[in-house]
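Engineer: Structure file structure06.cif (mmCIF, N, CA and C atoms) right here:
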data_input
#
loop_
_atom_site.label_atom_id
_atom_site.label_comp_id
_atom_site.auth_asym_id
_atom_site.auth_seq_id
_atom_site.Cartn_x
_atom_site.Cartn_y
_atom_site.Cartn_z
N MET A 1 -132.95 210.59 -90.53
CA MET A 1 -133.16 209.47 -89.63
C MET A 1 -132.26 209.70 -88.42
N ARG A 2 -132.79 209.36 -87.26
CA ARG A 2 -132.02 209.52 -86.03
C ARG A 2 -132.37 208.39 -85.06
N GLY A 3 -131.52 208.19 -84.09
CA GLY A 3 -131.80 207.23 -83.05
C GLY A 3 -132.89 207.79 -82.14
N ARG A 4 -133.63 206.90 -81.50
CA ARG A 4 -134.67 207.35 -80.57
C ARG A 4 -134.66 206.46 -79.35
N GLY A 5 -135.25 206.95 -78.29
CA GLY A 5 -135.34 206.18 -77.06
C GLY A 5 -134.28 206.59 -76.06
N ASN A 6 -134.64 206.60 -74.80
CA ASN A 6 -133.67 206.92 -73.76
C ASN A 6 -132.96 205.65 -73.31
N SER A 7 -133.67 204.74 -72.69
CA SER A 7 -133.04 203.51 -72.24
C SER A 7 -132.86 202.51 -73.38
N THR A 8 -133.78 202.49 -74.34
CA THR A 8 -133.72 201.48 -75.41
C THR A 8 -132.58 201.72 -76.40
N TRP A 9 -132.03 202.91 -76.43
CA TRP A 9 -130.93 203.18 -77.36
C TRP A 9 -129.68 202.38 -76.98
N ASN A 10 -129.58 201.98 -75.76
CA ASN A 10 -128.39 201.24 -75.30
C ASN A 10 -128.47 199.74 -75.55
N TYR A 11 -129.56 199.25 -76.12
CA TYR A 11 -129.67 197.83 -76.43
C TYR A 11 -128.97 197.52 -77.75
N PRO A 12 -128.64 196.26 -78.00
CA PRO A 12 -127.93 195.90 -79.23
C PRO A 12 -128.68 196.23 -80.53
N LYS A 13 -130.01 196.26 -80.49
CA LYS A 13 -130.81 196.61 -81.66
C LYS A 13 -131.46 197.97 -81.38
N ASN A 14 -131.12 198.97 -82.17
CA ASN A 14 -131.54 200.34 -81.90
C ASN A 14 -132.85 200.73 -82.56
N PRO A 15 -133.69 201.50 -81.86
CA PRO A 15 -134.89 202.07 -82.47
C PRO A 15 -134.54 203.37 -83.19
N TYR A 16 -135.35 203.73 -84.18
CA TYR A 16 -135.08 204.93 -84.97
C TYR A 16 -136.35 205.73 -85.19
N ALA A 17 -136.16 207.00 -85.46
CA ALA A 17 -137.24 207.88 -85.91
C ALA A 17 -136.76 208.51 -87.20
N PHE A 18 -137.68 208.76 -88.12
CA PHE A 18 -137.27 209.46 -89.34
C PHE A 18 -138.35 210.42 -89.78
N LYS A 19 -137.90 211.44 -90.50
CA LYS A 19 -138.79 212.48 -90.99
C LYS A 19 -138.62 212.58 -92.50
N LEU A 20 -139.74 212.50 -93.21
CA LEU A 20 -139.73 212.63 -94.66
C LEU A 20 -139.77 214.10 -95.05
N ASP A 21 -139.35 214.41 -96.27
CA ASP A 21 -139.42 215.79 -96.76
C ASP A 21 -140.86 216.25 -96.92
N ASP A 22 -141.72 215.34 -97.38
CA ASP A 22 -143.13 215.66 -97.58
C ASP A 22 -143.99 214.59 -96.91
N LYS A 23 -145.21 214.96 -96.55
CA LYS A 23 -146.13 213.99 -95.98
C LYS A 23 -146.37 212.88 -96.98
N ALA A 24 -146.38 211.64 -96.49
CA ALA A 24 -146.61 210.49 -97.37
C ALA A 24 -147.37 209.42 -96.61
N GLU A 25 -148.20 208.70 -97.35
CA GLU A 25 -148.89 207.52 -96.82
C GLU A 25 -147.91 206.37 -96.90
N ILE A 26 -147.74 205.64 -95.81
CA ILE A 26 -146.84 204.49 -95.81
C ILE A 26 -147.64 203.26 -95.38
N LEU A 27 -147.59 202.23 -96.20
CA LEU A 27 -148.26 200.96 -95.92
C LEU A 27 -149.71 201.14 -95.49
N GLY A 28 -150.41 202.06 -96.14
CA GLY A 28 -151.83 202.28 -95.88
C GLY A 28 -152.14 203.16 -94.69
N MET A 29 -151.10 203.66 -94.01
CA MET A 29 -151.33 204.54 -92.86
C MET A 29 -151.47 205.98 -93.34
N PRO A 30 -152.23 206.82 -92.62
CA PRO A 30 -152.47 208.20 -93.06
C PRO A 30 -151.17 208.99 -93.28
N LYS A 31 -151.26 209.95 -94.20
CA LYS A 31 -150.09 210.76 -94.56
C LYS A 31 -149.51 211.50 -93.37
N HIS A 32 -148.18 211.48 -93.31
CA HIS A 32 -147.45 212.26 -92.30
C HIS A 32 -145.98 212.26 -92.67
N LYS A 33 -145.24 213.17 -92.06
CA LYS A 33 -143.79 213.24 -92.28
C LYS A 33 -143.01 212.39 -91.27
N ARG A 34 -143.55 212.22 -90.07
CA ARG A 34 -142.79 211.60 -88.98
C ARG A 34 -143.23 210.16 -88.70
N TRP A 35 -142.24 209.27 -88.63
CA TRP A 35 -142.47 207.84 -88.42
C TRP A 35 -141.41 207.29 -87.48
N VAL A 36 -141.70 206.16 -86.86
CA VAL A 36 -140.72 205.51 -85.99
C VAL A 36 -140.57 204.04 -86.35
N LEU A 37 -139.39 203.54 -86.08
CA LEU A 37 -139.09 202.12 -86.23
C LEU A 37 -138.77 201.58 -84.84
N LEU A 38 -139.72 200.86 -84.25
CA LEU A 38 -139.52 200.28 -82.92
C LEU A 38 -138.76 198.97 -83.06
N ALA A 39 -137.68 198.84 -82.30
CA ALA A 39 -136.81 197.68 -82.41
C ALA A 39 -137.37 196.44 -81.71
N ASN A 40 -138.19 196.62 -80.68
CA ASN A 40 -138.75 195.50 -79.92
C ASN A 40 -137.68 194.57 -79.37
N TRP A 41 -136.53 195.10 -78.98
CA TRP A 41 -135.42 194.27 -78.52
C TRP A 41 -135.76 193.46 -77.27
N MET A 42 -136.49 194.05 -76.33
CA MET A 42 -136.80 193.36 -75.08
C MET A 42 -137.96 192.38 -75.22
N ASP A 43 -138.60 192.36 -76.36
CA ASP A 43 -139.76 191.48 -76.59
C ASP A 43 -139.41 190.47 -77.68
N ARG A 44 -139.01 189.29 -77.27
CA ARG A 44 -138.58 188.27 -78.24
C ARG A 44 -139.72 187.79 -79.15
N THR A 45 -140.97 187.99 -78.74
CA THR A 45 -142.10 187.61 -79.61
C THR A 45 -142.34 188.66 -80.68
N LEU A 46 -141.83 189.87 -80.47
CA LEU A 46 -142.04 191.03 -81.36
C LEU A 46 -143.50 191.47 -81.42
N LEU A 47 -144.32 191.01 -80.51
CA LEU A 47 -145.76 191.29 -80.58
C LEU A 47 -146.29 192.28 -79.55
N ARG A 48 -145.51 192.62 -78.55
CA ARG A 48 -146.01 193.42 -77.43
C ARG A 48 -146.57 194.78 -77.88
N ASN A 49 -145.82 195.53 -78.66
CA ASN A 49 -146.30 196.86 -79.09
C ASN A 49 -147.53 196.74 -79.98
N ARG A 50 -147.48 195.87 -80.96
CA ARG A 50 -148.64 195.73 -81.86
C ARG A 50 -149.89 195.30 -81.09
N THR A 51 -149.74 194.33 -80.21
CA THR A 51 -150.89 193.86 -79.43
C THR A 51 -151.42 194.97 -78.52
N SER A 52 -150.54 195.71 -77.89
CA SER A 52 -150.97 196.82 -77.03
C SER A 52 -151.74 197.86 -77.83
N PHE A 53 -151.24 198.21 -79.02
CA PHE A 53 -151.92 199.19 -79.87
C PHE A 53 -153.28 198.66 -80.31
N GLN A 54 -153.37 197.37 -80.64
CA GLN A 54 -154.65 196.80 -81.07
C GLN A 54 -155.66 196.78 -79.92
N ILE A 55 -155.22 196.46 -78.73
CA ILE A 55 -156.12 196.48 -77.57
C ILE A 55 -156.59 197.91 -77.32
N ALA A 56 -155.68 198.86 -77.36
CA ALA A 56 -156.05 200.27 -77.15
C ALA A 56 -157.06 200.72 -78.21
N ALA A 57 -156.84 200.36 -79.46
CA ALA A 57 -157.77 200.75 -80.54
C ALA A 57 -159.15 200.15 -80.32
N SER A 58 -159.20 198.94 -79.77
CA SER A 58 -160.50 198.28 -79.57
C SER A 58 -161.33 198.91 -78.45
N THR A 59 -160.71 199.76 -77.64
CA THR A 59 -161.43 200.43 -76.56
C THR A 59 -162.18 201.67 -77.04
N GLY A 60 -161.97 202.05 -78.30
CA GLY A 60 -162.67 203.21 -78.83
C GLY A 60 -161.94 204.52 -78.62
N LEU A 61 -160.65 204.47 -78.29
CA LEU A 61 -159.89 205.70 -78.17
C LEU A 61 -159.95 206.48 -79.47
N ALA A 62 -159.87 207.79 -79.39
CA ALA A 62 -159.95 208.64 -80.58
C ALA A 62 -158.79 208.36 -81.54
N TRP A 63 -157.62 208.02 -81.01
CA TRP A 63 -156.48 207.70 -81.88
C TRP A 63 -155.54 206.75 -81.16
N THR A 64 -155.06 205.78 -81.88
CA THR A 64 -154.03 204.86 -81.44
C THR A 64 -153.07 204.70 -82.60
N PRO A 65 -151.75 204.68 -82.37
CA PRO A 65 -150.81 204.55 -83.48
C PRO A 65 -151.06 203.29 -84.32
N ASN A 66 -151.04 203.48 -85.63
CA ASN A 66 -151.08 202.36 -86.57
C ASN A 66 -149.66 201.89 -86.81
N GLY A 67 -149.49 200.64 -87.20
CA GLY A 67 -148.15 200.15 -87.49
C GLY A 67 -148.16 198.87 -88.29
N GLU A 68 -147.01 198.56 -88.84
CA GLU A 68 -146.81 197.33 -89.61
C GLU A 68 -145.40 196.81 -89.36
N PHE A 69 -145.26 195.51 -89.37
CA PHE A 69 -143.93 194.91 -89.26
C PHE A 69 -143.19 195.07 -90.57
N VAL A 70 -141.90 195.39 -90.50
CA VAL A 70 -141.07 195.55 -91.70
C VAL A 70 -139.69 194.96 -91.44
N GLU A 71 -139.05 194.52 -92.49
CA GLU A 71 -137.65 194.12 -92.42
C GLU A 71 -136.84 195.34 -92.86
N VAL A 72 -135.83 195.71 -92.08
CA VAL A 72 -135.09 196.94 -92.34
C VAL A 72 -133.68 196.63 -92.83
N ILE A 73 -133.33 197.29 -93.93
CA ILE A 73 -131.97 197.25 -94.46
C ILE A 73 -131.45 198.68 -94.36
N LEU A 74 -130.38 198.88 -93.60
CA LEU A 74 -129.80 200.19 -93.38
C LEU A 74 -128.38 200.21 -93.93
N ASN A 75 -128.14 201.11 -94.85
CA ASN A 75 -126.82 201.21 -95.50
C ASN A 75 -126.36 199.87 -96.07
N GLY A 76 -127.30 199.15 -96.70
CA GLY A 76 -126.99 197.88 -97.33
C GLY A 76 -126.89 196.69 -96.40
N GLN A 77 -127.12 196.89 -95.10
CA GLN A 77 -127.02 195.80 -94.13
C GLN A 77 -128.39 195.54 -93.51
N HIS A 78 -128.80 194.26 -93.50
CA HIS A 78 -130.06 193.87 -92.88
C HIS A 78 -129.91 193.99 -91.37
N ILE A 79 -130.75 194.84 -90.73
CA ILE A 79 -130.64 195.03 -89.29
C ILE A 79 -131.81 194.42 -88.52
N GLY A 80 -132.75 193.78 -89.24
CA GLY A 80 -133.77 193.03 -88.54
C GLY A 80 -135.20 193.46 -88.78
N ASN A 81 -136.09 192.81 -88.02
CA ASN A 81 -137.51 193.10 -88.07
C ASN A 81 -137.81 194.25 -87.12
N TYR A 82 -138.56 195.22 -87.61
CA TYR A 82 -138.95 196.39 -86.82
C TYR A 82 -140.44 196.59 -86.93
N TYR A 83 -140.99 197.37 -86.02
CA TYR A 83 -142.39 197.76 -86.08
C TYR A 83 -142.42 199.21 -86.53
N LEU A 84 -142.77 199.43 -87.79
CA LEU A 84 -142.89 200.77 -88.35
C LEU A 84 -144.24 201.32 -87.94
N CYS A 85 -144.24 202.44 -87.22
CA CYS A 85 -145.51 202.98 -86.77
C CYS A 85 -145.50 204.51 -86.76
N GLU A 86 -146.69 205.02 -86.55
CA GLU A 86 -146.88 206.47 -86.51
C GLU A 86 -146.24 207.03 -85.24
N GLN A 87 -145.48 208.11 -85.39
CA GLN A 87 -144.93 208.78 -84.22
C GLN A 87 -146.06 209.56 -83.55
N VAL A 88 -146.09 209.54 -82.24
CA VAL A 88 -147.13 210.26 -81.51
C VAL A 88 -146.86 211.76 -81.67
N LYS A 89 -147.77 212.43 -82.36
CA LYS A 89 -147.67 213.86 -82.63
C LYS A 89 -149.06 214.46 -82.63
N ILE A 90 -149.17 215.71 -82.21
CA ILE A 90 -150.43 216.44 -82.32
C ILE A 90 -150.56 216.86 -83.77
N ASP A 91 -151.58 216.33 -84.46
CA ASP A 91 -151.76 216.57 -85.89
C ASP A 91 -153.14 216.04 -86.27
N GLU A 92 -153.71 216.60 -87.32
CA GLU A 92 -155.06 216.15 -87.73
C GLU A 92 -155.08 214.68 -88.16
N ASN A 93 -153.96 214.14 -88.63
CA ASN A 93 -153.90 212.72 -89.02
C ASN A 93 -153.34 211.83 -87.92
N ARG A 94 -153.06 212.41 -86.77
CA ARG A 94 -152.55 211.64 -85.64
C ARG A 94 -153.42 211.95 -84.42
N LEU A 95 -152.84 212.54 -83.42
CA LEU A 95 -153.57 212.89 -82.21
C LEU A 95 -154.22 214.25 -82.44
N ASP A 96 -155.48 214.24 -82.82
CA ASP A 96 -156.19 215.46 -83.25
C ASP A 96 -156.80 216.17 -82.04
N ILE A 97 -155.97 216.94 -81.35
CA ILE A 97 -156.43 217.71 -80.19
C ILE A 97 -156.02 219.17 -80.38
N ASN A 98 -156.70 220.07 -79.69
CA ASN A 98 -156.30 221.47 -79.69
C ASN A 98 -155.09 221.62 -78.79
N ASP A 99 -154.00 222.14 -79.34
CA ASP A 99 -152.75 222.31 -78.62
C ASP A 99 -152.70 223.70 -77.99
N PRO A 100 -152.64 223.82 -76.67
CA PRO A 100 -152.62 225.15 -76.06
C PRO A 100 -151.36 225.95 -76.39
N TYR A 101 -150.33 225.29 -76.92
CA TYR A 101 -149.08 225.98 -77.25
C TYR A 101 -148.96 226.28 -78.75
N ASP A 102 -150.02 226.00 -79.51
CA ASP A 102 -150.02 226.26 -80.94
C ASP A 102 -150.13 227.76 -81.18
N ALA A 103 -149.17 228.34 -81.90
CA ALA A 103 -149.15 229.79 -82.13
C ALA A 103 -150.35 230.27 -82.94
N GLU A 104 -150.92 229.42 -83.77
CA GLU A 104 -152.06 229.81 -84.60
C GLU A 104 -153.37 229.80 -83.82
N ASP A 105 -153.39 229.17 -82.67
CA ASP A 105 -154.61 229.03 -81.88
C ASP A 105 -154.47 229.87 -80.61
N ALA A 106 -155.25 230.94 -80.51
CA ALA A 106 -155.17 231.79 -79.32
C ALA A 106 -155.71 231.02 -78.12
N TYR A 107 -154.91 230.89 -77.09
CA TYR A 107 -155.30 230.17 -75.88
C TYR A 107 -156.51 230.84 -75.24
N SER A 108 -157.56 230.08 -75.04
CA SER A 108 -158.82 230.63 -74.53
C SER A 108 -158.81 230.82 -73.01
N GLY A 109 -157.86 230.20 -72.34
CA GLY A 109 -157.85 230.28 -70.88
C GLY A 109 -158.64 229.18 -70.22
N ASN A 110 -159.39 228.40 -71.00
CA ASN A 110 -160.19 227.31 -70.45
C ASN A 110 -159.49 225.99 -70.76
N PRO A 111 -158.86 225.35 -69.78
CA PRO A 111 -158.13 224.10 -70.02
C PRO A 111 -158.99 223.00 -70.65
N ALA A 112 -160.30 223.04 -70.45
CA ALA A 112 -161.17 222.01 -71.02
C ALA A 112 -161.26 222.11 -72.55
N ASP A 113 -160.85 223.25 -73.13
CA ASP A 113 -160.89 223.42 -74.59
C ASP A 113 -159.70 222.78 -75.28
N TYR A 114 -158.78 222.21 -74.52
CA TYR A 114 -157.53 221.71 -75.10
C TYR A 114 -157.28 220.27 -74.69
N GLY A 115 -156.44 219.61 -75.48
CA GLY A 115 -155.98 218.28 -75.14
C GLY A 115 -154.56 218.39 -74.65
N TYR A 116 -154.10 217.38 -73.96
CA TYR A 116 -152.76 217.43 -73.41
C TYR A 116 -152.06 216.11 -73.68
N LEU A 117 -150.84 216.18 -74.14
CA LEU A 117 -150.03 215.01 -74.43
C LEU A 117 -149.01 214.89 -73.32
N LEU A 118 -149.13 213.85 -72.50
CA LEU A 118 -148.24 213.64 -71.37
C LEU A 118 -147.31 212.48 -71.65
N GLU A 119 -146.10 212.55 -71.12
CA GLU A 119 -145.11 211.50 -71.31
C GLU A 119 -144.44 211.20 -69.98
N ALA A 120 -144.32 209.94 -69.66
CA ALA A 120 -143.56 209.53 -68.48
C ALA A 120 -142.11 209.37 -68.92
N ASP A 121 -141.23 210.20 -68.38
CA ASP A 121 -139.84 210.24 -68.83
C ASP A 121 -138.98 210.64 -67.64
N ASP A 122 -137.85 209.97 -67.45
CA ASP A 122 -136.99 210.33 -66.34
C ASP A 122 -135.70 211.01 -66.77
N SER A 123 -135.62 211.51 -68.00
CA SER A 123 -134.40 212.17 -68.44
C SER A 123 -134.39 213.66 -68.10
N TYR A 124 -135.55 214.26 -67.81
CA TYR A 124 -135.66 215.65 -67.37
C TYR A 124 -134.94 216.64 -68.30
N ASP A 125 -135.08 216.44 -69.61
CA ASP A 125 -134.40 217.33 -70.56
C ASP A 125 -135.37 218.28 -71.27
N GLU A 126 -136.59 218.39 -70.78
CA GLU A 126 -137.59 219.26 -71.39
C GLU A 126 -137.69 220.57 -70.62
N THR A 127 -138.22 221.59 -71.27
CA THR A 127 -138.40 222.89 -70.64
C THR A 127 -139.41 222.81 -69.51
N TRP A 128 -140.57 222.18 -69.77
CA TRP A 128 -141.64 222.06 -68.77
C TRP A 128 -141.62 220.65 -68.23
N LYS A 129 -141.38 220.51 -66.93
CA LYS A 129 -141.28 219.16 -66.33
C LYS A 129 -141.63 219.25 -64.85
N PHE A 130 -141.93 218.11 -64.27
CA PHE A 130 -142.15 218.03 -62.83
C PHE A 130 -141.83 216.61 -62.39
N THR A 131 -141.64 216.44 -61.11
CA THR A 131 -141.43 215.10 -60.55
C THR A 131 -142.52 214.85 -59.52
N THR A 132 -142.76 213.58 -59.30
CA THR A 132 -143.77 213.18 -58.31
C THR A 132 -143.29 211.90 -57.65
N ALA A 133 -143.80 211.64 -56.47
CA ALA A 133 -143.41 210.44 -55.74
C ALA A 133 -144.09 209.18 -56.28
N CYS A 134 -145.10 209.32 -57.15
CA CYS A 134 -145.84 208.17 -57.68
C CYS A 134 -145.00 207.39 -58.65
#
Once you've parsed the file, please lay out its structure as structure tokens.
Structural biologist:
Amino acid sequence: MRGRGNSTWNYPKNPYAFKLDDKAEILGMPKHKRWVLLANWMDRTLLRNRTSFQIAASTGLAWTPNGEFVEVILNGQHIGNYYLCEQVKIDENRLDINDPYDAEDAYSGNPADYGYLLEADDSYDETWKFTTAC
């Protein structure tokens, strides 16, 4: 288990990510090793993430993270209500796209044969990054 989030880690209630030793189904969600606990600190209703995911799923997107509300006890201390959900990952049980950087898949040279996972992030700690005025 580790802390997650760039700006959200500095709030009084911290978000977490955790990785299981083996893939497991949790609360009816498809098997996977990687999960996140969203703290929802800035949303006093605790509904913003769940509602956003439900709206996205209703549009017919190929994949939207599933999640459930949980009460979390960490090291014997109750730390609050969290939204346990699937971590965004390229995987057959998550975002099922062809990854151009997958070593098992020879890159065809045709960008249309692949999917791309983009993230808006201002920490600039990744190998491949760019900035834009937008």
Engineer: Just list the residues in range 4-102 of chain A DSSP gives strand (DSSP E or B) on the backbone, as a VMD selection string.
Structural biologist: chain A and resid 16 to 26 29 to 38 67 to 74 77 to 86 90 95
Engineer: What is the distance, in Å and to one decimal place, between atom N of Glu25 in chain A and atom C of Leu95 in chain A?
Structural biologist: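 Taking atom N of Glu25 in chain A and atom C of Leu95 in chain A, their separation equals 17.0 Å.
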Engineer: Which polymer residues have any atom within 7 Å of an atom of Asn93 in chain A, counting all atoms listed in the file, with same-chain residues fewer than 2 positions away left out, as a PyMOL selection string?
Structural biologist: chain A and resi 30-31+90-91+95-96
Engineer: Output N, CA and C atoms for every residue in that selection, as a CSV table (one decimal), keeping the file's coordinate frame.
Structural biologist:
chain,number,residue,atom,x,y,z
A,30,PRO,N,-152.2,206.8,-92.6
A,30,PRO,CA,-152.5,208.2,-93.1
A,30,PRO,C,-151.2,209.0,-93.3
A,31,LYS,N,-151.3,210.0,-94.2
A,31,LYS,CA,-150.1,210.8,-94.6
A,31,LYS,C,-149.5,211.5,-93.4
A,90,ILE,N,-149.2,215.7,-82.2
A,90,ILE,CA,-150.4,216.4,-82.3
A,90,ILE,C,-150.6,216.9,-83.8
A,91,ASP,N,-151.6,216.3,-84.5
A,91,ASP,CA,-151.8,216.6,-85.9
A,91,ASP,C,-153.1,216.0,-86.3
A,95,LEU,N,-152.8,212.5,-83.4
A,95,LEU,CA,-153.6,212.9,-82.2
A,95,LEU,C,-154.2,214.2,-82.4
A,96,ASP,N,-155.5,214.2,-82.8
A,96,ASP,CA,-156.2,215.5,-83.2
A,96,ASP,C,-156.8,216.2,-82.0
Engineer: To one decimal place, how far is CA of Gly80 in chain A from CA of Leu27 in chain A in Å?
Structural biologist: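 Pair CA of Gly80 in chain A / CA of Leu27 in chain A returns 18.1 Å.
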Engineer: Please measure the separation of atom N of Gly67 in chain A and CA of Asn10 in chain A, giving the value in Å to one decimal.
Structural biologist: 24.2 Å
Engineer: Give me the residues within 8 Å of Met1 in chain A as a PyMOL selection string, counting only N, CA and C atoms and dropping any in the same chain fewer than 4 places off.
Structural biologist: chain A and resi 16-20
Engineer: Run the PyMOL selection byres (((chain A and resi 113-122 and name CA) around 8) and name CA) against the file shown and list the residues it catches, as a ChimeraX atom specification.
Structural biologist: /A:97-100,108,110-112,123-124
Engineer: Save out the residues we just selected, N, CA and C atoms, as a PDB file, in the coordinates of the input.
Structural biologist:
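Once written, out.pdb looks like this:
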ATOM      1  N   ILE A  97    -155.970 216.940 -81.350  1.00  0.00           N
ATOM      2  CA  ILE A  97    -156.430 217.710 -80.190  1.00  0.00           C
ATOM      3  C   ILE A  97    -156.020 219.170 -80.380  1.00  0.00           C
ATOM      4  N   ASN A  98    -156.700 220.070 -79.690  1.00  0.00           N
ATOM      5  CA  ASN A  98    -156.300 221.470 -79.690  1.00  0.00           C
ATOM      6  C   ASN A  98    -155.090 221.620 -78.790  1.00  0.00           C
ATOM      7  N   ASP A  99    -154.000 222.140 -79.340  1.00  0.00           N
ATOM      8  CA  ASP A  99    -152.750 222.310 -78.620  1.00  0.00           C
ATOM      9  C   ASP A  99    -152.700 223.700 -77.990  1.00  0.00           C
ATOM     10  N   PRO A 100    -152.640 223.820 -76.670  1.00  0.00           N
ATOM     11  CA  PRO A 100    -152.620 225.150 -76.060  1.00  0.00           C
ATOM     12  C   PRO A 100    -151.360 225.950 -76.390  1.00  0.00           C
ATOM     13  N   SER A 108    -157.560 230.080 -75.040  1.00  0.00           N
ATOM     14  CA  SER A 108    -158.820 230.630 -74.530  1.00  0.00           C
ATOM     15  C   SER A 108    -158.810 230.820 -73.010  1.00  0.00           C
ATOM     16  N   ASN A 110    -159.390 228.400 -71.000  1.00  0.00           N
ATOM     17  CA  ASN A 110    -160.190 227.310 -70.450  1.00  0.00           C
ATOM     18  C   ASN A 110    -159.490 225.990 -70.760  1.00  0.00           C
ATOM     19  N   PRO A 111    -158.860 225.350 -69.780  1.00  0.00           N
ATOM     20  CA  PRO A 111    -158.130 224.100 -70.020  1.00  0.00           C
ATOM     21  C   PRO A 111    -158.990 223.000 -70.650  1.00  0.00           C
ATOM     22  N   ALA A 112    -160.300 223.040 -70.450  1.00  0.00           N
ATOM     23  CA  ALA A 112    -161.170 222.010 -71.020  1.00  0.00           C
ATOM     24  C   ALA A 112    -161.260 222.110 -72.550  1.00  0.00           C
ATOM     25  N   SER A 123    -135.620 211.510 -68.000  1.00  0.00           N
ATOM     26  CA  SER A 123    -134.400 212.170 -68.440  1.00  0.00           C
ATOM     27  C   SER A 123    -134.390 213.660 -68.100  1.00  0.00           C
ATOM     28  N   TYR A 124    -135.550 214.260 -67.810  1.00  0.00           N
ATOM     29  CA  TYR A 124    -135.660 215.650 -67.370  1.00  0.00           C
ATOM     30  C   TYR A 124    -134.940 216.640 -68.300  1.00  0.00           C
TER      31      TYR A 124
END
Engineer: On this structure, which residues satisfy the PyMOL selection byres ((chain A and resi 37) around 8), written as a tab-separated table (two decimals) with N, CA and C atoms, in the frame of the given file?
Structural biologist:
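File expr-v4.tsv, as written:
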chain	number	residue	atom	x	y	z
A	14	ASN	N	-131.12	198.97	-82.17
A	14	ASN	CA	-131.54	200.34	-81.90
A	14	ASN	C	-132.85	200.73	-82.56
A	15	PRO	N	-133.69	201.50	-81.86
A	15	PRO	CA	-134.89	202.07	-82.47
A	15	PRO	C	-134.54	203.37	-83.19
A	16	TYR	N	-135.35	203.73	-84.18
A	16	TYR	CA	-135.08	204.93	-84.97
A	16	TYR	C	-136.35	205.73	-85.19
A	17	ALA	N	-136.16	207.00	-85.46
A	17	ALA	CA	-137.24	207.88	-85.91
A	17	ALA	C	-136.76	208.51	-87.20
A	18	PHE	N	-137.68	208.76	-88.12
A	18	PHE	CA	-137.27	209.46	-89.34
A	18	PHE	C	-138.35	210.42	-89.78
A	35	TRP	N	-142.24	209.27	-88.63
A	35	TRP	CA	-142.47	207.84	-88.42
A	35	TRP	C	-141.41	207.29	-87.48
A	36	VAL	N	-141.70	206.16	-86.86
A	36	VAL	CA	-140.72	205.51	-85.99
A	36	VAL	C	-140.57	204.04	-86.35
A	38	LEU	N	-139.72	200.86	-84.25
A	38	LEU	CA	-139.52	200.28	-82.92
A	38	LEU	C	-138.76	198.97	-83.06
A	39	ALA	N	-137.68	198.84	-82.30
A	39	ALA	CA	-136.81	197.68	-82.41
A	39	ALA	C	-137.37	196.44	-81.71
A	40	ASN	N	-138.19	196.62	-80.68
A	40	ASN	CA	-138.75	195.50	-79.92
A	40	ASN	C	-137.68	194.57	-79.37
A	81	ASN	N	-136.09	192.81	-88.02
A	81	ASN	CA	-137.51	193.10	-88.07
A	81	ASN	C	-137.81	194.25	-87.12
A	82	TYR	N	-138.56	195.22	-87.61
A	82	TYR	CA	-138.95	196.39	-86.82
A	82	TYR	C	-140.44	196.59	-86.93
A	83	TYR	N	-140.99	197.37	-86.02
A	83	TYR	CA	-142.39	197.76	-86.08
A	83	TYR	C	-142.42	199.21	-86.53
A	84	LEU	N	-142.77	199.43	-87.79
A	84	LEU	CA	-142.89	200.77	-88.35
A	84	LEU	C	-144.24	201.32	-87.94
A	85	CYS	N	-144.24	202.44	-87.22
A	85	CYS	CA	-145.51	202.98	-86.77
A	85	CYS	C	-145.50	204.51	-86.76
A	86	GLU	N	-146.69	205.02	-86.55
A	86	GLU	CA	-146.88	206.47	-86.51
A	86	GLU	C	-146.24	207.03	-85.24
A	87	GLN	N	-145.48	208.11	-85.39
A	87	GLN	CA	-144.93	208.78	-84.22
A	87	GLN	C	-146.06	209.56	-83.55
